[in-house]
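So this one's work_39.txt, compact mmCIF, C-alpha atoms:
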# COMPACT_ATOMS: atom_id res chain seq x y z
CA MET A 1075 57.52 -18.48 -39.54
CA VAL A 1076 61.23 -17.93 -38.98
CA LEU A 1077 62.03 -16.77 -42.51
CA PRO A 1078 59.70 -13.70 -42.50
CA VAL A 1079 61.11 -12.63 -39.15
CA VAL A 1080 64.70 -12.97 -40.36
CA TYR A 1081 63.85 -11.10 -43.57
CA ALA A 1082 62.17 -8.28 -41.62
CA TRP A 1083 65.17 -8.03 -39.27
CA ARG A 1084 67.62 -7.88 -42.17
CA MET A 1085 65.57 -5.17 -43.91
CA TRP A 1086 65.46 -3.16 -40.70
CA LEU A 1087 69.22 -3.54 -40.28
CA TYR A 1088 69.74 -2.49 -43.91
CA GLN A 1089 67.66 0.66 -43.37
CA VAL A 1090 69.59 1.53 -40.20
CA ARG A 1091 72.93 1.11 -41.95
CA LEU A 1092 71.74 3.09 -44.98
CA THR A 1093 70.60 5.94 -42.71
CA GLU A 1094 73.94 5.92 -40.92
CA ALA A 1095 75.78 5.97 -44.26
CA VAL A 1096 73.70 8.88 -45.54
CA ASP A 1097 74.28 10.86 -42.33
CA ALA A 1098 78.01 10.19 -42.57
CA MET A 1099 77.98 11.34 -46.20
CA VAL A 1100 76.18 14.57 -45.26
CA LEU A 1101 78.66 15.26 -42.46
CA GLY A 1102 81.59 14.58 -44.78
CA MET A 1103 80.27 16.99 -47.40
CA VAL A 1104 79.71 19.72 -44.80
CA ARG A 1105 83.17 19.21 -43.31
CA ALA A 1106 84.71 19.46 -46.79
CA LEU A 1107 83.12 22.88 -47.22
CA GLU A 1108 84.10 24.09 -43.76
CA ALA A 1109 87.70 23.00 -44.33
CA ARG A 1110 87.86 25.45 -47.24
CA ASP A 1111 86.38 28.34 -45.29
CA PRO A 1112 87.35 28.52 -41.59
CA TYR A 1113 84.81 31.27 -40.95
CA THR A 1114 81.95 28.83 -41.59
CA ALA A 1115 83.14 26.24 -39.04
CA PHE A 1116 80.05 24.65 -37.45
CA HIS A 1117 77.86 27.16 -39.31
CA SER A 1118 75.77 24.45 -40.96
CA GLU A 1119 75.29 22.47 -37.74
CA ARG A 1120 74.13 25.57 -35.91
CA VAL A 1121 71.75 26.54 -38.71
CA ALA A 1122 70.35 23.01 -38.59
CA ALA A 1123 69.84 23.19 -34.81
CA ILE A 1124 68.06 26.55 -35.09
CA ALA A 1125 65.92 25.49 -38.04
CA THR A 1126 64.85 22.25 -36.34
CA ASP A 1127 63.71 24.10 -33.21
CA VAL A 1128 61.78 26.60 -35.34
CA GLY A 1129 60.19 23.80 -37.36
CA ARG A 1130 59.13 22.10 -34.15
CA GLU A 1131 57.55 25.38 -32.98
CA MET A 1132 55.59 25.46 -36.23
CA GLY A 1133 54.25 21.96 -35.65
CA LEU A 1134 56.11 20.12 -38.40
CA GLU A 1135 55.89 16.34 -38.36
CA GLU A 1136 58.95 14.26 -37.51
CA ARG A 1137 59.61 13.31 -41.14
CA GLU A 1138 59.55 16.98 -42.16
CA LEU A 1139 61.85 17.88 -39.28
CA GLU A 1140 64.37 15.27 -40.41
CA LEU A 1141 64.29 16.65 -43.94
CA LEU A 1142 64.58 20.20 -42.61
CA GLU A 1143 67.63 19.32 -40.52
CA ARG A 1144 69.36 17.56 -43.40
CA GLY A 1145 68.55 20.37 -45.85
CA ALA A 1146 69.80 22.96 -43.37
CA ARG A 1147 73.10 21.11 -42.98
CA LEU A 1148 73.52 21.11 -46.75
CA HIS A 1149 72.12 24.56 -47.56
CA ASP A 1150 75.51 26.06 -48.45
CA ILE A 1151 77.05 22.98 -50.06
CA GLY A 1152 77.09 24.72 -53.46
CA LYS A 1153 79.88 26.94 -52.15
CA VAL A 1154 82.28 24.09 -52.89
CA GLY A 1155 81.97 25.33 -56.47
CA VAL A 1156 82.91 28.91 -55.58
CA PRO A 1157 86.62 29.73 -56.16
CA ASP A 1158 88.77 30.13 -53.02
CA ARG A 1159 89.77 33.66 -54.03
CA ILE A 1160 86.10 34.63 -53.63
CA LEU A 1161 85.01 32.32 -50.82
CA ARG A 1162 87.91 33.32 -48.56
CA LYS A 1163 88.22 36.96 -49.56
CA GLU A 1164 88.33 39.28 -46.56
CA GLN A 1165 87.51 42.48 -48.43
CA THR A 1166 84.16 43.50 -49.93
CA LEU A 1167 83.28 41.41 -52.97
CA SER A 1168 83.05 43.02 -56.40
CA GLU A 1169 79.87 42.76 -58.48
CA GLU A 1170 81.44 39.98 -60.53
CA GLU A 1171 82.42 38.11 -57.36
CA TRP A 1172 78.94 38.54 -55.89
CA ALA A 1173 77.52 37.10 -59.10
CA TRP A 1174 79.69 34.02 -58.51
CA MET A 1175 78.60 33.79 -54.87
CA ARG A 1176 74.92 34.04 -55.82
CA ARG A 1177 75.31 30.90 -57.91
CA HIS A 1178 75.84 28.69 -54.86
CA PRO A 1179 72.15 27.63 -54.46
CA GLU A 1180 72.05 26.42 -58.07
CA LEU A 1181 75.47 24.79 -57.75
CA GLY A 1182 74.20 23.01 -54.64
CA GLU A 1183 71.09 21.81 -56.48
CA MET A 1184 73.25 20.48 -59.30
CA LEU A 1185 75.53 18.68 -56.86
CA LEU A 1186 72.76 17.07 -54.80
CA ARG A 1187 70.30 16.16 -57.55
CA PRO A 1188 71.82 12.68 -58.14
CA LEU A 1189 71.65 11.96 -54.38
CA VAL A 1190 67.99 12.80 -53.74
CA HIS A 1191 67.06 9.10 -53.63
CA TYR A 1192 69.34 8.73 -50.59
CA LEU A 1193 69.08 12.17 -48.97
CA GLY A 1194 65.38 12.84 -49.46
CA ASN A 1195 64.14 15.91 -51.29
CA VAL A 1196 66.49 18.50 -49.80
CA ILE A 1197 66.64 20.34 -53.13
CA PRO A 1198 63.98 23.00 -52.29
CA VAL A 1199 65.88 23.98 -49.14
CA VAL A 1200 69.23 24.22 -50.90
CA LEU A 1201 67.90 25.98 -54.00
CA TYR A 1202 65.56 28.50 -52.37
CA HIS A 1203 67.10 29.39 -48.99
CA ARG A 1204 68.30 32.74 -50.40
CA GLU A 1205 64.90 33.82 -51.69
CA ARG A 1206 63.20 36.72 -49.89
CA PHE A 1207 59.61 37.00 -48.73
CA ASP A 1208 59.25 40.24 -50.73
CA GLY A 1209 60.50 38.60 -53.96
CA ARG A 1210 63.88 40.33 -54.11
CA GLY A 1211 65.99 37.28 -53.40
CA TYR A 1212 67.71 34.76 -55.68
CA PRO A 1213 68.01 32.60 -57.72
CA GLN A 1214 64.43 32.83 -59.02
CA GLY A 1215 62.92 35.83 -57.25
CA LEU A 1216 60.14 33.82 -55.59
CA SER A 1217 57.98 35.58 -53.00
CA GLY A 1218 55.68 34.74 -50.10
CA ASN A 1219 54.31 31.22 -50.09
CA GLU A 1220 55.90 30.51 -53.48
CA ILE A 1221 59.02 29.83 -51.43
CA PRO A 1222 58.89 26.34 -49.88
CA LEU A 1223 58.28 26.49 -46.13
CA LEU A 1224 61.44 24.59 -45.20
CA ALA A 1225 63.51 27.05 -47.22
CA ARG A 1226 61.79 29.97 -45.44
CA ILE A 1227 62.72 28.44 -42.10
CA VAL A 1228 66.35 27.92 -43.10
CA ALA A 1229 66.52 31.52 -44.38
CA VAL A 1230 65.74 32.83 -40.88
CA ALA A 1231 68.09 30.37 -39.16
CA ASP A 1232 70.87 31.17 -41.63
CA ALA A 1233 70.47 34.93 -41.13
CA TYR A 1234 70.58 34.69 -37.35
CA GLU A 1235 73.63 32.42 -37.46
CA ALA A 1236 75.43 34.80 -39.83
CA MET A 1237 74.60 37.90 -37.76
CA THR A 1238 75.87 36.36 -34.53
CA SER A 1239 79.13 35.06 -36.03
CA ASP A 1240 82.38 36.92 -36.53
CA ARG A 1241 83.30 37.66 -40.12
CA PRO A 1242 86.54 39.10 -41.54
CA TYR A 1243 84.73 42.36 -42.32
CA ARG A 1244 82.67 42.75 -39.09
CA ARG A 1245 82.26 41.60 -35.51
CA ALA A 1246 79.43 39.33 -34.42
CA LYS A 1247 76.23 41.01 -33.24
CA LYS A 1248 74.80 40.28 -29.83
CA PRO A 1249 71.88 37.79 -29.85
CA GLU A 1250 69.43 40.48 -28.72
CA LYS A 1251 70.39 42.81 -31.57
CA ALA A 1252 70.15 39.99 -34.12
CA MET A 1253 66.70 39.11 -32.77
CA ARG A 1254 65.52 42.73 -33.18
CA GLU A 1255 66.79 42.81 -36.76
CA LEU A 1256 64.88 39.65 -37.64
CA LEU A 1257 61.72 41.17 -36.19
CA ASP A 1258 62.30 44.36 -38.20
CA LEU A 1259 62.76 42.35 -41.41
CA ALA A 1260 59.66 40.17 -40.91
CA GLY A 1261 57.32 40.61 -43.87
CA TRP A 1262 60.14 41.98 -46.03
CA GLN A 1263 63.02 39.56 -46.09
CA PHE A 1264 61.48 36.83 -43.93
CA ASP A 1265 58.15 35.08 -43.49
CA PRO A 1266 56.48 36.70 -40.41
CA ARG A 1267 55.13 33.33 -39.21
CA VAL A 1268 58.60 31.85 -39.27
CA VAL A 1269 60.07 34.83 -37.41
CA GLU A 1270 57.35 34.51 -34.76
CA ALA A 1271 58.17 30.82 -34.29
CA PHE A 1272 61.87 31.68 -34.15
CA ALA A 1273 61.20 34.28 -31.45
CA ARG A 1274 59.35 31.71 -29.35
CA ALA A 1275 62.21 29.22 -29.68
CA TRP A 1276 64.80 31.96 -29.00
CA ALA A 1277 62.97 33.04 -25.81
CA ARG A 1278 63.55 29.58 -24.31
CA ASN A 1279 67.30 30.36 -24.33
CA PRO A 1280 68.51 27.26 -26.27
CA ASP A 1281 72.21 26.47 -26.63
CA TRP A 1282 72.26 27.87 -30.17
CA ARG A 1283 71.15 31.32 -28.95
CA GLU A 1284 74.79 32.14 -28.17
CA ARG A 1285 77.41 30.79 -30.53
CA LYS A 1286 80.08 30.17 -27.88
CA ARG A 1287 77.68 28.19 -25.72
CA TYR A 1288 76.61 26.09 -28.70
CA LEU A 1289 80.20 25.35 -29.75
CA VAL A 1290 80.92 24.02 -26.25
CA THR A 1291 78.00 21.57 -26.55
CA VAL A 1292 79.18 20.18 -29.90
CA ALA A 1293 82.92 20.18 -29.26

Rewritten as structure tokens:
Amino acid sequence: MVLPVVYAWRMWLYQVRLTEAVDAMVLGMVRALEARDPYTAFHSERVAAIATDVGREMGLEERELELLERGARLHDIGKVGVPDRILRKEQTLSEEEWAWMRRHPELGEMLLRPLVHYLGNVIPVVLYHRERFDGRGYPQGLSGNEIPLLARIVAVADAYEAMTSDRPYRRAKKPEKAMRELLDLAGWQFDPRVVEAFARAWARNPDWRERKRYLVTVA
């Protein structure tokens, strides 16, 4: 009777250590990206926090929430393949530079594909988080429910995070203004159901609602 117990304990320990290793790998990849672009510091963590709260509002199961959080952390990882002269440029990008930037979902998919066995299927989040509900996004121009739900959630979280963060070319918007813009874009750029869930989560005044407050909690 002892051997099955020992075997089960060792398998459990192996799974725990594997999970810890995967989480450390994800964090390392995100930090590598943020080191190249100081304006994205803690961007991925905040997007993940927002997306997870929205997913919980939508009734996602725990396994889906874990995948959502991990995909949100890695959503911009393809930007490691974007040249520094474009990624860190403070002026408006040219059409050619925008074409480079729009490749980052596909670059991310290419980078993460060999790791799916360890990370889980984060590919749909990474590849489709820049699609729009009205079909005018990229890289494939998917629309409506053609876009995977987790990617639709990350799209809203990513937009809010970007709007409420300082950028070289503009100041951060106040949370209330960013919230109004998301509501205005529901049904066009974003899934209305996701925006509604976001609004419910936002109304509870979580730490991520204001960037400075969130950064204090993760510092």

Problem set entry | Contact residues around Arg1274 in chain A with all atoms listed in the file at 12 Å, ignoring same-chain residues under 2 positions, as a ChimeraX atom specification | /A:1124,1127-1132,1253,1257,1267-1272,1276-1280,1283

Exercise. Rounded to one decimal in Å, what is the spacing between CA of Val1154 in chain A and CA of Arg1241 in chain A?
Worked result: 18.7 Å

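For range 1286-1292 of chain A, the residues within 12 Å (counting only C-alpha atoms, excluding itself and residues fewer than 2 positions away along the chain) are Ala1115, Phe1116, His1117, Glu1119, Arg1120, Val1121, Ala1123, Ile1124, Glu1235, Thr1238, Ser1239, Asp1240, Ala1246, Lys1248, Pro1249, Asn1279, Pro1280, Asp1281, Trp1282, Arg1283 and Glu1284 of chain A.
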
Problem set entry | Shell around range 1205-1222 of chain A at 7 Å using only C-alpha atoms, local window under 5 positions removed, as a ChimeraX atom specification | /A:1198,1261-1265

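Picture a line from CA of Ala1229 in chain A to CA of His1203 in chain A; it runs 5.1 Å.
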
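With CA of Val1200 in chain A on one side and CA of Trp1174 in chain A on the other, the separation reads 16.2 Å.
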
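Closest approach to Met1175 in chain A from the set A:Leu1193, A:Arg1187, A:Lys1247, A:Asp1150 is made by A:Asp1150, with distances taken over all atoms listed in the file.
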
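Nearest to Leu1181 in chain A of all the residues A:Ala1231, A:Leu1139, A:Val1196, A:Leu1201 is A:Leu1201, based on all atoms listed in the file.
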
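With all atoms listed in the file as the atoms that count, the residue of A:Leu1141, A:Leu1185, A:Thr1126, A:Glu1171 with the shortest distance to Val1230 in chain A is A:Thr1126.
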